[in-house]
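Trainee: Structure file final26.pdb, PDB, C-alpha atoms, is pasted below:
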```pdb
MODEL        1
ATOM      1  CA  MET A   1     -40.784 -63.356  34.927
ATOM      2  CA  TRP A   2     -41.837 -65.926  32.383
ATOM      3  CA  GLY A   3     -43.986 -67.986  34.751
ATOM      4  CA  CYS A   4     -45.940 -65.140  36.394
ATOM      5  CA  PRO A   5     -49.629 -65.985  36.846
ATOM      6  CA  PHE A   6     -51.237 -62.895  35.358
ATOM      7  CA  HIS A   7     -54.921 -62.466  34.653
ATOM      8  CA  PRO A   8     -55.871 -62.720  30.988
ATOM      9  CA  TRP A   9     -56.632 -59.022  30.592
ATOM     10  CA  LYS A  10     -53.551 -58.048  32.520
ATOM     11  CA  GLN A  11     -51.482 -60.242  30.295
ATOM     12  CA  LEU A  12     -52.424 -58.102  27.335
ATOM     13  CA  VAL A  13     -51.604 -54.907  29.158
ATOM     14  CA  LEU A  14     -48.240 -56.115  30.444
ATOM     15  CA  SER A  15     -47.203 -57.911  27.304
ATOM     16  CA  LEU A  16     -43.728 -57.461  25.969
ATOM     17  CA  ASN A  17     -43.000 -56.452  22.447
ATOM     18  CA  LEU A  18     -40.802 -59.217  21.209
ATOM     19  CA  ILE A  19     -38.860 -59.545  18.031
ATOM     20  CA  HIS A  20     -38.088 -62.973  16.732
ATOM     21  CA  LEU A  21     -35.224 -63.599  14.392
ATOM     22  CA  ALA A  22     -34.617 -66.712  12.412
ATOM     23  CA  VAL A  23     -31.972 -67.709   9.954
ATOM     24  CA  PHE A  24     -33.010 -70.129   7.266
ATOM     25  CA  PRO A  25     -30.462 -72.078   5.204
ATOM     26  CA  THR A  26     -30.500 -71.402   1.504
ATOM     27  CA  SER A  27     -27.796 -73.643   0.276
ATOM     28  CA  ALA A  28     -25.379 -76.228   1.580
ATOM     29  CA  PRO A  29     -23.167 -78.720  -0.273
ATOM     30  CA  TRP A  30     -25.105 -81.798   0.766
ATOM     31  CA  ALA A  31     -28.483 -80.369   1.771
ATOM     32  CA  VAL A  32     -31.576 -79.407  -0.152
ATOM     33  CA  LEU A  33     -31.484 -75.881  -1.529
ATOM     34  CA  LEU A  34     -34.239 -73.764   0.013
ATOM     35  CA  GLY A  35     -35.884 -71.901  -2.814
ATOM     36  CA  GLN A  36     -38.528 -69.200  -2.603
ATOM     37  CA  PRO A  37     -41.609 -71.438  -2.090
ATOM     38  CA  GLU A  38     -39.847 -73.401   0.643
ATOM     39  CA  THR A  39     -38.762 -70.208   2.457
ATOM     40  CA  ALA A  40     -42.308 -68.891   2.185
ATOM     41  CA  ALA A  41     -43.615 -72.154   3.658
ATOM     42  CA  VAL A  42     -41.225 -71.908   6.616
ATOM     43  CA  LEU A  43     -42.243 -68.326   7.343
ATOM     44  CA  LYS A  44     -45.916 -69.229   7.081
ATOM     45  CA  ARG A  45     -45.437 -72.105   9.544
ATOM     46  CA  THR A  46     -43.630 -69.848  12.010
ATOM     47  CA  VAL A  47     -46.178 -67.026  11.889
ATOM     48  CA  GLU A  48     -49.068 -69.459  12.224
ATOM     49  CA  ALA A  49     -47.460 -71.080  15.247
ATOM     50  CA  LEU A  50     -46.992 -67.651  16.813
ATOM     51  CA  MET A  51     -50.600 -66.654  16.199
ATOM     52  CA  GLU A  52     -51.797 -69.975  17.597
ATOM     53  CA  ARG A  53     -50.108 -69.135  20.887
ATOM     54  CA  GLY A  54     -51.806 -65.766  21.045
ATOM     55  CA  ALA A  55     -49.176 -63.414  19.696
ATOM     56  CA  ILE A  56     -50.020 -60.493  17.426
ATOM     57  CA  VAL A  57     -47.682 -60.352  14.454
ATOM     58  CA  ARG A  58     -47.129 -56.759  13.416
ATOM     59  CA  ASN A  59     -44.500 -56.931  10.727
ATOM     60  CA  LEU A  60     -42.227 -59.341   8.902
ATOM     61  CA  GLU A  61     -38.952 -57.994   7.503
ATOM     62  CA  ASN A  62     -36.476 -59.679   5.215
ATOM     63  CA  LEU A  63     -32.951 -58.641   6.142
ATOM     64  CA  GLY A  64     -31.540 -60.279   3.048
ATOM     65  CA  GLU A  65     -29.819 -63.493   2.126
ATOM     66  CA  ARG A  66     -26.096 -63.521   2.739
ATOM     67  CA  ALA A  67     -23.136 -65.672   3.632
ATOM     68  CA  LEU A  68     -23.083 -66.457   7.332
ATOM     69  CA  PRO A  69     -20.235 -64.842   9.323
ATOM     70  CA  TYR A  70     -19.132 -68.327  10.406
ATOM     71  CA  LYS A  71     -20.172 -71.851   9.460
ATOM     72  CA  ILE A  72     -23.058 -73.046  11.629
ATOM     73  CA  SER A  73     -23.677 -76.746  12.186
ATOM     74  CA  LYS A  74     -27.317 -77.487  12.824
ATOM     75  CA  HIS A  75     -29.500 -80.577  12.272
ATOM     76  CA  ASN A  76     -26.578 -82.612  10.866
ATOM     77  CA  HIS A  77     -25.703 -79.965   8.284
ATOM     78  CA  ARG A  78     -22.916 -77.390   8.049
ATOM     79  CA  HIS A  79     -24.528 -74.202   6.750
ATOM     80  CA  ARG A  80     -22.643 -71.428   4.936
ATOM     81  CA  ARG A  81     -25.402 -69.211   3.564
ATOM     82  CA  GLY A  82     -28.695 -68.126   5.061
ATOM     83  CA  GLY A  83     -31.675 -65.842   4.868
ATOM     84  CA  TYR A  84     -32.280 -63.434   7.753
ATOM     85  CA  PHE A  85     -35.845 -62.587   8.777
ATOM     86  CA  LEU A  86     -37.190 -60.317  11.501
ATOM     87  CA  VAL A  87     -40.680 -60.868  12.911
ATOM     88  CA  ASP A  88     -42.173 -57.923  14.768
ATOM     89  CA  LEU A  89     -44.633 -59.265  17.290
ATOM     90  CA  GLU A  90     -46.451 -58.490  20.503
ATOM     91  CA  GLY A  91     -47.387 -61.159  22.954
ATOM     92  CA  PRO A  92     -47.324 -62.544  26.485
ATOM     93  CA  PRO A  93     -43.929 -63.575  27.873
ATOM     94  CA  SER A  94     -45.098 -67.183  28.393
ATOM     95  CA  ILE A  95     -44.914 -68.028  24.688
ATOM     96  CA  VAL A  96     -41.144 -67.487  24.494
ATOM     97  CA  SER A  97     -40.077 -70.847  25.937
ATOM     98  CA  THR A  98     -42.718 -72.816  23.999
ATOM     99  CA  MET A  99     -41.846 -71.068  20.746
ATOM    100  CA  MET A 100     -38.122 -71.638  21.210
ATOM    101  CA  ASP A 101     -38.848 -75.369  21.639
ATOM    102  CA  HIS A 102     -41.084 -75.398  18.587
ATOM    103  CA  LEU A 103     -38.581 -73.554  16.386
ATOM    104  CA  GLY A 104     -35.746 -75.732  17.616
ATOM    105  CA  ARG A 105     -37.468 -78.749  16.149
ATOM    106  CA  ASP A 106     -37.825 -77.109  12.728
ATOM    107  CA  ILE A 107     -35.035 -78.361  10.446
ATOM    108  CA  ASP A 108     -35.156 -75.327   8.205
ATOM    109  CA  ILE A 109     -34.425 -72.840  10.967
ATOM    110  CA  ILE A 110     -30.736 -72.502  11.774
ATOM    111  CA  ARG A 111     -30.817 -69.962  14.581
ATOM    112  CA  ARG A 112     -33.752 -68.546  16.500
ATOM    113  CA  ALA A 113     -34.005 -65.759  19.046
ATOM    114  CA  PHE A 114     -36.526 -63.593  20.869
ATOM    115  CA  ILE A 115     -35.426 -60.063  21.628
ATOM    116  CA  LYS A 116     -37.219 -57.401  23.623
ATOM    117  CA  TYR A 117     -38.258 -54.306  21.734
ATOM    118  CA  PRO A 118     -35.346 -51.848  21.964
ATOM    119  CA  VAL A 119     -36.467 -48.714  23.824
ATOM    120  CA  SER A 120     -34.558 -45.862  22.230
ATOM    121  CA  LYS A 121     -33.557 -43.309  24.865
ATOM    122  CA  THR A 122     -30.831 -41.613  22.861
ATOM    123  CA  GLU A 123     -32.539 -38.213  22.698
ATOM    124  CA  GLU A 124     -31.992 -37.715  26.423
ATOM    125  CA  CYS A 125     -28.220 -38.200  26.171
ATOM    126  CA  SER A 126     -26.684 -35.157  27.814
ATOM    127  CA  GLY A 127     -23.032 -35.949  27.191
ATOM    128  CA  ILE A 128     -20.361 -37.102  29.632
ATOM    129  CA  VAL A 129     -21.196 -35.868  33.138
ATOM    130  CA  PRO A 130     -17.993 -35.020  35.068
ATOM    131  CA  VAL A 131     -17.564 -37.385  38.010
ATOM    132  CA  ASN A 132     -17.621 -35.707  41.437
ATOM    133  CA  CYS A 133     -14.763 -37.476  43.229
ATOM    134  CA  GLU A 134     -15.411 -35.799  46.594
ATOM    135  CA  ASP A 135     -18.850 -37.355  46.892
ATOM    136  CA  LYS A 136     -17.392 -40.793  46.261
ATOM    137  CA  LEU A 137     -14.819 -40.408  49.018
ATOM    138  CA  ILE A 138     -17.360 -39.382  51.682
ATOM    139  CA  PRO A 139     -18.998 -42.557  53.027
ATOM    140  CA  LYS A 140     -22.728 -42.594  52.584
ATOM    141  CA  LYS A 141     -24.739 -42.581  55.817
ATOM    142  CA  LYS A 142     -27.100 -45.565  55.822
TER     143      LYS A 142
ATOM    144  CA  MET B   1     -10.066 -13.192  75.918
ATOM    145  CA  GLY B   2     -13.733 -12.671  76.617
ATOM    146  CA  ALA B   3     -13.459  -8.964  75.838
ATOM    147  CA  ARG B   4     -12.675  -9.703  72.177
ATOM    148  CA  ALA B   5     -15.988 -11.392  71.663
ATOM    149  CA  SER B   6     -18.224  -8.801  73.303
ATOM    150  CA  CYS B   7     -17.344  -5.363  72.070
ATOM    151  CA  ALA B   8     -19.901  -3.709  74.265
ATOM    152  CA  GLN B   9     -18.395  -3.545  77.759
ATOM    153  CA  ARG B  10     -15.184  -4.327  79.437
ATOM    154  CA  VAL B  11     -15.296  -6.197  82.645
ATOM    155  CA  LEU B  12     -12.882  -4.988  85.254
ATOM    156  CA  GLY B  13     -10.711  -8.022  85.674
ATOM    157  CA  GLU B  14      -7.725  -8.593  87.874
ATOM    158  CA  ALA B  15      -5.419  -7.113  85.304
ATOM    159  CA  ASP B  16      -7.305  -3.865  85.438
ATOM    160  CA  MET B  17      -7.007  -3.651  89.164
ATOM    161  CA  ALA B  18      -3.311  -4.259  88.917
ATOM    162  CA  ALA B  19      -3.044  -1.558  86.316
ATOM    163  CA  LEU B  20      -4.756   0.934  88.588
ATOM    164  CA  ALA B  21      -2.384   0.148  91.396
ATOM    165  CA  VAL B  22       0.612   0.595  89.105
ATOM    166  CA  ALA B  23      -0.627   3.892  87.786
ATOM    167  CA  GLY B  24      -0.469   5.184  91.343
ATOM    168  CA  GLY B  25      -3.771   6.880  91.603
ATOM    169  CA  ARG B  26      -3.986   8.535  88.115
ATOM    170  CA  ARG B  27      -7.680   8.900  87.461
ATOM    171  CA  CYS B  28      -7.810   9.733  83.780
ATOM    172  CA  CYS B  29      -5.663   7.032  82.163
ATOM    173  CA  ARG B  30      -6.281   3.423  82.830
ATOM    174  CA  TRP B  31      -3.574   0.989  81.874
ATOM    175  CA  VAL B  32      -5.192  -1.657  79.827
ATOM    176  CA  PRO B  33      -3.196  -4.552  78.429
ATOM    177  CA  ALA B  34      -3.117  -4.634  74.661
ATOM    178  CA  LEU B  35      -5.275  -7.728  74.585
ATOM    179  CA  MET B  36      -8.105  -5.875  76.289
ATOM    180  CA  TRP B  37      -8.056  -2.847  73.999
ATOM    181  CA  GLU B  38     -11.265  -2.154  72.226
ATOM    182  CA  ARG B  39     -10.682  -2.480  68.593
ATOM    183  CA  PRO B  40     -13.155  -2.117  65.781
ATOM    184  CA  CYS B  41     -14.059  -5.752  65.207
ATOM    185  CA  ARG B  42     -16.011  -6.827  62.194
ATOM    186  CA  LEU B  43     -18.217  -9.802  62.786
ATOM    187  CA  GLN B  44     -19.201 -11.822  59.731
ATOM    188  CA  HIS B  45     -22.805 -12.281  60.703
ATOM    189  CA  GLN B  46     -23.238  -8.545  61.432
ATOM    190  CA  GLN B  47     -21.414  -7.193  58.426
ATOM    191  CA  ALA B  48     -22.392  -9.637  55.662
ATOM    192  CA  ALA B  49     -25.970  -8.434  55.428
ATOM    193  CA  ALA B  50     -24.996  -4.777  55.105
ATOM    194  CA  GLU B  51     -22.073  -5.186  52.655
ATOM    195  CA  SER B  52     -22.912  -4.941  48.965
ATOM    196  CA  ASP B  53     -19.365  -5.837  48.034
ATOM    197  CA  LEU B  54     -19.924  -9.592  48.069
ATOM    198  CA  PRO B  55     -20.107 -11.580  44.795
ATOM    199  CA  ILE B  56     -23.570 -12.192  43.365
ATOM    200  CA  GLU B  57     -24.476 -15.829  43.082
ATOM    201  CA  MET B  58     -25.056 -16.800  39.476
ATOM    202  CA  GLU B  59     -24.404 -19.725  37.121
ATOM    203  CA  ASN B  60     -20.941 -19.844  35.644
ATOM    204  CA  PRO B  61     -21.314 -17.858  32.373
ATOM    205  CA  TYR B  62     -18.133 -19.372  30.977
ATOM    206  CA  GLU B  63     -19.212 -22.928  31.612
ATOM    207  CA  GLU B  64     -18.506 -25.219  28.688
ATOM    208  CA  PRO B  65     -21.223 -27.557  27.434
ATOM    209  CA  PRO B  66     -20.716 -31.128  28.695
ATOM    210  CA  LYS B  67     -18.327 -33.220  26.637
ATOM    211  CA  ARG B  68     -19.958 -35.698  24.308
ATOM    212  CA  CYS B  69     -18.562 -38.988  23.132
ATOM    213  CA  ILE B  70     -18.724 -40.021  19.465
ATOM    214  CA  LEU B  71     -21.907 -42.002  19.864
ATOM    215  CA  CYS B  72     -23.852 -39.463  21.910
ATOM    216  CA  GLY B  73     -27.222 -39.248  20.218
ATOM    217  CA  ILE B  74     -26.712 -42.257  17.939
ATOM    218  CA  ASN B  75     -28.907 -45.301  18.422
ATOM    219  CA  VAL B  76     -26.820 -48.459  18.763
ATOM    220  CA  ASP B  77     -28.374 -51.517  17.097
ATOM    221  CA  TYR B  78     -27.142 -55.102  16.988
ATOM    222  CA  LYS B  79     -28.091 -55.257  13.288
ATOM    223  CA  ASN B  80     -25.803 -52.354  12.390
ATOM    224  CA  VAL B  81     -22.749 -54.545  11.892
ATOM    225  CA  GLN B  82     -20.649 -51.879  10.178
ATOM    226  CA  LEU B  83     -20.920 -49.528  13.153
ATOM    227  CA  LEU B  84     -20.162 -52.320  15.599
ATOM    228  CA  SER B  85     -17.163 -53.490  13.574
ATOM    229  CA  GLN B  86     -15.511 -50.086  14.003
ATOM    230  CA  PHE B  87     -14.992 -50.872  17.714
ATOM    231  CA  VAL B  88     -13.505 -54.304  17.103
ATOM    232  CA  SER B  89      -9.933 -55.347  16.360
ATOM    233  CA  PRO B  90      -9.391 -56.341  12.725
ATOM    234  CA  TYR B  91      -6.847 -59.021  13.655
ATOM    235  CA  THR B  92      -8.441 -60.815  16.588
ATOM    236  CA  GLY B  93     -12.020 -59.555  16.490
ATOM    237  CA  ARG B  94     -11.854 -58.494  20.147
ATOM    238  CA  ILE B  95     -13.864 -55.561  21.465
ATOM    239  CA  TYR B  96     -11.717 -52.535  22.314
ATOM    240  CA  GLY B  97     -11.728 -51.205  25.850
ATOM    241  CA  ARG B  98     -12.981 -47.826  27.054
ATOM    242  CA  HIS B  99      -9.516 -46.282  27.063
ATOM    243  CA  ILE B 100      -9.207 -47.006  23.336
ATOM    244  CA  THR B 101     -12.694 -46.252  22.064
ATOM    245  CA  GLY B 102     -13.151 -43.098  24.159
ATOM    246  CA  LEU B 103     -16.858 -43.735  24.690
ATOM    247  CA  CYS B 104     -18.855 -42.824  27.752
ATOM    248  CA  ASN B 105     -19.954 -45.511  30.233
ATOM    249  CA  LYS B 106     -23.438 -45.972  28.826
ATOM    250  CA  LYS B 107     -22.470 -46.200  25.181
ATOM    251  CA  GLN B 108     -19.550 -48.542  25.797
ATOM    252  CA  LYS B 109     -21.887 -50.941  27.592
ATOM    253  CA  GLU B 110     -24.463 -50.668  24.811
ATOM    254  CA  ILE B 111     -21.864 -51.347  22.119
ATOM    255  CA  SER B 112     -20.437 -54.276  24.029
ATOM    256  CA  LYS B 113     -23.864 -55.843  24.520
ATOM    257  CA  ALA B 114     -24.795 -55.255  20.879
ATOM    258  CA  ILE B 115     -21.575 -56.843  19.600
ATOM    259  CA  LYS B 116     -22.027 -59.941  21.757
ATOM    260  CA  ARG B 117     -25.635 -60.211  20.622
ATOM    261  CA  ALA B 118     -24.589 -59.857  16.976
ATOM    262  CA  HIS B 119     -22.023 -62.644  17.489
ATOM    263  CA  ILE B 120     -24.589 -65.053  18.847
ATOM    264  CA  LEU B 121     -27.308 -64.264  16.340
ATOM    265  CA  GLY B 122     -24.986 -64.763  13.387
ATOM    266  CA  PHE B 123     -24.617 -61.185  12.171
ATOM    267  CA  MET B 124     -20.987 -60.505  12.939
ATOM    268  CA  PRO B 125     -17.897 -62.714  12.752
ATOM    269  CA  VAL B 126     -16.291 -63.440  16.103
ATOM    270  CA  MET B 127     -12.584 -64.093  15.531
ATOM    271  CA  PHE B 128     -11.926 -61.383  12.942
ATOM    272  CA  LYS B 129     -13.389 -58.256  11.398
ATOM    273  CA  ASN B 130     -15.509 -58.505   8.284
ATOM    274  CA  PRO B 131     -13.062 -57.812   5.382
ATOM    275  CA  SER B 132     -15.515 -55.477   3.646
ATOM    276  CA  PHE B 133     -15.365 -53.140   6.692
ATOM    277  CA  LEU B 134     -11.565 -52.968   6.885
ATOM    278  CA  THR B 135     -11.369 -49.686   4.976
ATOM    279  CA  ASP B 136     -13.787 -47.888   7.322
ATOM    280  CA  PRO B 137     -12.592 -44.646   8.992
ATOM    281  CA  LYS B 138     -10.672 -45.277  12.223
ATOM    282  CA  ILE B 139     -12.535 -44.069  15.286
ATOM    283  CA  CYS B 140     -10.563 -45.777  18.002
ATOM    284  CA  ASN B 141      -7.276 -44.586  19.435
ATOM    285  CA  VAL B 142      -5.308 -47.590  18.192
ATOM    286  CA  LYS B 143      -1.840 -47.522  16.727
ATOM    287  CA  TYR B 144      -1.362 -50.352  14.310
TER     288      TYR B 144
ENDMDL
END
```
Could you spell out this file's structure in structure tokens?
Mentor:
Amino acid sequence: MWGCPFHPWKQLVLSLNLIHLAVFPTSAPWAVLLGQPETAAVLKRTVEALMERGAIVRNLENLGERALPYKISKHNHRHRRGGYFLVDLEGPPSIVSTMMDHLGRDIDIIRRAFIKYPVSKTEECSGIVPVNCEDKLIPKKK
Amino acid sequence: MGARASCAQRVLGEADMAALAVAGGRRCCRWVPALMWERPCRLQHQQAAAESDLPIEMENPYEEPPKRCILCGINVDYKNVQLLSQFVSPYTGRIYGRHITGLCNKKQKEISKAIKRAHILGFMPVMFKNPSFLTDPKICNVKY
């Protein structure tokens, strides 16, 4: 899916809504503490890189700074705390691999991910449908 | 046997001829074996249209609404760690099976996927349950 040769205008129509999540380290025993200006710089870098590749950034959410659920070792450091950020963006699927490479090289980003926009279908939930066992026993005619 | 199907006429078979001979020339009564007697036979395809006694087809008025699992109508998100932690063992951090959680197929799959995603993205601890969520109400059918 990522390498499909779409036309430029079709690419816009068929683009996926992707969410990108990154965890930035805020403090570690032997690493530089990431203060507010540094965090802002990292976010600016990321968003600029995304826009360079033709993605439209819709929203940037801060999910808070907290202790990581487990210690993460990345770029020769063992991180215990981090800041969680959620970038709401829309773009062609081809930027995913390039962006993951780019973010992987950034020392300040601990964990990166691109997630498809969750399509909420919960309103159609009609409860548990009772299974018709008789239909399962009868072999289907091909 | 044929006479049972067609109620209209009786065909004079061999049995009839024998009966006549036995009777010894009696013209009025004909000895007919019991099998050949004309009996009022009700055929389904003839009677069904006329009868108004049959049940009327309608939806079951006493039908119960379909059963819903706990999460029916709730949007499952990988960021909602507290909700996800309710379906995870506090000792080992393992995801509970369908027979314990009591969720429907769809929701169990969604929860499972969300928990694994939360593990990888660094939202939820893997080997244990977040201590701050230990006092949450018990949803699952687990006996500690």
Trainee: Fewer than 3 positions away in the same chain doesn't count, so skip those; otherwise give me all residues within 10 Å of Ser89 (chain B), counting all atoms listed in the file, as a list in words.
Mentor: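 Near neighbours after the sequence-gap exclusion: Ser85, Gln86, Thr92, Gly93, Arg94, Ile95, Tyr96, Met127, Phe128, Lys129, Leu134, Cys140 and Val142 of chain B.
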Trainee: Which residue is closest to Tyr78 (chain B)? Choose from B:Pro40, B:Lys107, B:Leu121, B:Pro55 and count all atoms listed in the file.
Mentor: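 Among B:Pro40, B:Lys107, B:Leu121, B:Pro55, it is B:Leu121 that comes nearest to Tyr78 (chain B).
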Trainee: Mind running chain B against chain A at 12 Å and telling me each contacting residue's nearest atom pair with the distance in Å (one decimal), counting all atoms listed in the file, chain and number ascending, as JSON lines?
Mentor:
```
{"residue": "B:Glu64", "atom": "CA", "partner": "A:Pro130", "partner_atom": "CA", "distance": 11.7}
{"residue": "B:Pro65", "atom": "CA", "partner": "A:Gly127", "partner_atom": "CA", "distance": 8.6}
{"residue": "B:Pro66", "atom": "CA", "partner": "A:Gly127", "partner_atom": "CA", "distance": 5.6}
{"residue": "B:Lys67", "atom": "CA", "partner": "A:Ile128", "partner_atom": "CA", "distance": 5.3}
{"residue": "B:Arg68", "atom": "CA", "partner": "A:Gly127", "partner_atom": "CA", "distance": 4.2}
{"residue": "B:Cys69", "atom": "CA", "partner": "A:Gly127", "partner_atom": "CA", "distance": 6.8}
{"residue": "B:Ile70", "atom": "CA", "partner": "A:Gly127", "partner_atom": "CA", "distance": 9.7}
{"residue": "B:Leu71", "atom": "CA", "partner": "A:Thr122", "partner_atom": "CA", "distance": 9.4}
{"residue": "B:Cys72", "atom": "CA", "partner": "A:Cys125", "partner_atom": "CA", "distance": 6.2}
{"residue": "B:Gly73", "atom": "CA", "partner": "A:Thr122", "partner_atom": "CA", "distance": 5.1}
{"residue": "B:Ile74", "atom": "CA", "partner": "A:Thr122", "partner_atom": "CA", "distance": 6.5}
{"residue": "B:Asn75", "atom": "CA", "partner": "A:Thr122", "partner_atom": "CA", "distance": 6.1}
{"residue": "B:Val76", "atom": "CA", "partner": "A:Ser120", "partner_atom": "CA", "distance": 8.9}
{"residue": "B:Asp77", "atom": "CA", "partner": "A:Pro118", "partner_atom": "CA", "distance": 8.5}
{"residue": "B:Tyr78", "atom": "CA", "partner": "A:Pro118", "partner_atom": "CA", "distance": 10.1}
{"residue": "B:Lys79", "atom": "CA", "partner": "A:Leu63", "partner_atom": "CA", "distance": 9.3}
{"residue": "B:Asn80", "atom": "CA", "partner": "A:Leu63", "partner_atom": "CA", "distance": 11.4}
{"residue": "B:Val81", "atom": "CA", "partner": "A:Pro69", "partner_atom": "CA", "distance": 10.9}
{"residue": "B:Gly102", "atom": "CA", "partner": "A:Ile128", "partner_atom": "CA", "distance": 10.9}
{"residue": "B:Leu103", "atom": "CA", "partner": "A:Ile128", "partner_atom": "CA", "distance": 9.0}
{"residue": "B:Cys104", "atom": "CA", "partner": "A:Ile128", "partner_atom": "CA", "distance": 6.2}
{"residue": "B:Asn105", "atom": "CA", "partner": "A:Ile128", "partner_atom": "CA", "distance": 8.4}
{"residue": "B:Lys106", "atom": "CA", "partner": "A:Ile128", "partner_atom": "CA", "distance": 9.4}
{"residue": "B:Lys107", "atom": "CA", "partner": "A:Thr122", "partner_atom": "CA", "distance": 9.8}
{"residue": "B:Glu110", "atom": "CA", "partner": "A:Thr122", "partner_atom": "CA", "distance": 11.2}
{"residue": "B:Ala114", "atom": "CA", "partner": "A:Pro118", "partner_atom": "CA", "distance": 11.1}
{"residue": "B:Arg117", "atom": "CA", "partner": "A:Ile115", "partner_atom": "CA", "distance": 9.8}
{"residue": "B:Ala118", "atom": "CA", "partner": "A:Pro69", "partner_atom": "CA", "distance": 10.1}
{"residue": "B:His119", "atom": "CA", "partner": "A:Pro69", "partner_atom": "CA", "distance": 8.6}
{"residue": "B:Ile120", "atom": "CA", "partner": "A:Arg111", "partner_atom": "CA", "distance": 9.0}
{"residue": "B:Leu121", "atom": "CA", "partner": "A:Arg111", "partner_atom": "CA", "distance": 6.9}
{"residue": "B:Gly122", "atom": "CA", "partner": "A:Pro69", "partner_atom": "CA", "distance": 6.3}
{"residue": "B:Phe123", "atom": "CA", "partner": "A:Pro69", "partner_atom": "CA", "distance": 6.4}
{"residue": "B:Met124", "atom": "CA", "partner": "A:Pro69", "partner_atom": "CA", "distance": 5.7}
{"residue": "B:Pro125", "atom": "CA", "partner": "A:Pro69", "partner_atom": "CA", "distance": 4.7}
{"residue": "B:Val126", "atom": "CA", "partner": "A:Pro69", "partner_atom": "CA", "distance": 8.0}
{"residue": "B:Met127", "atom": "CA", "partner": "A:Tyr70", "partner_atom": "CA", "distance": 9.3}
{"residue": "B:Phe128", "atom": "CA", "partner": "A:Pro69", "partner_atom": "CA", "distance": 9.7}
{"residue": "B:Lys129", "atom": "CA", "partner": "A:Pro69", "partner_atom": "CA", "distance": 9.7}
{"residue": "B:Asn130", "atom": "CA", "partner": "A:Pro69", "partner_atom": "CA", "distance": 8.0}
{"residue": "B:Pro131", "atom": "CA", "partner": "A:Pro69", "partner_atom": "CA", "distance": 10.8}
{"residue": "B:Ser132", "atom": "CA", "partner": "A:Pro69", "partner_atom": "CA", "distance": 11.9}
```
Trainee: What is the CA of Arg42 (chain B) to CA of Arg30 (chain B) distance in Å?
Mentor: 25.0 Å
Trainee: Take CA of Lys116 (chain B) and CA of Lys138 (chain B) and report the distance between them in Å, one decimal.
Mentor: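 Interatomic distance here is 20.9 Å.
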Trainee: When you count only C-alpha atoms, which of these residues is closest to Ile139 (chain B): B:Thr101, B:Asn60, B:Gln44, B:Gln82?
Mentor: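 Result for the nearest residue to Ile139 (chain B): B:Thr101.
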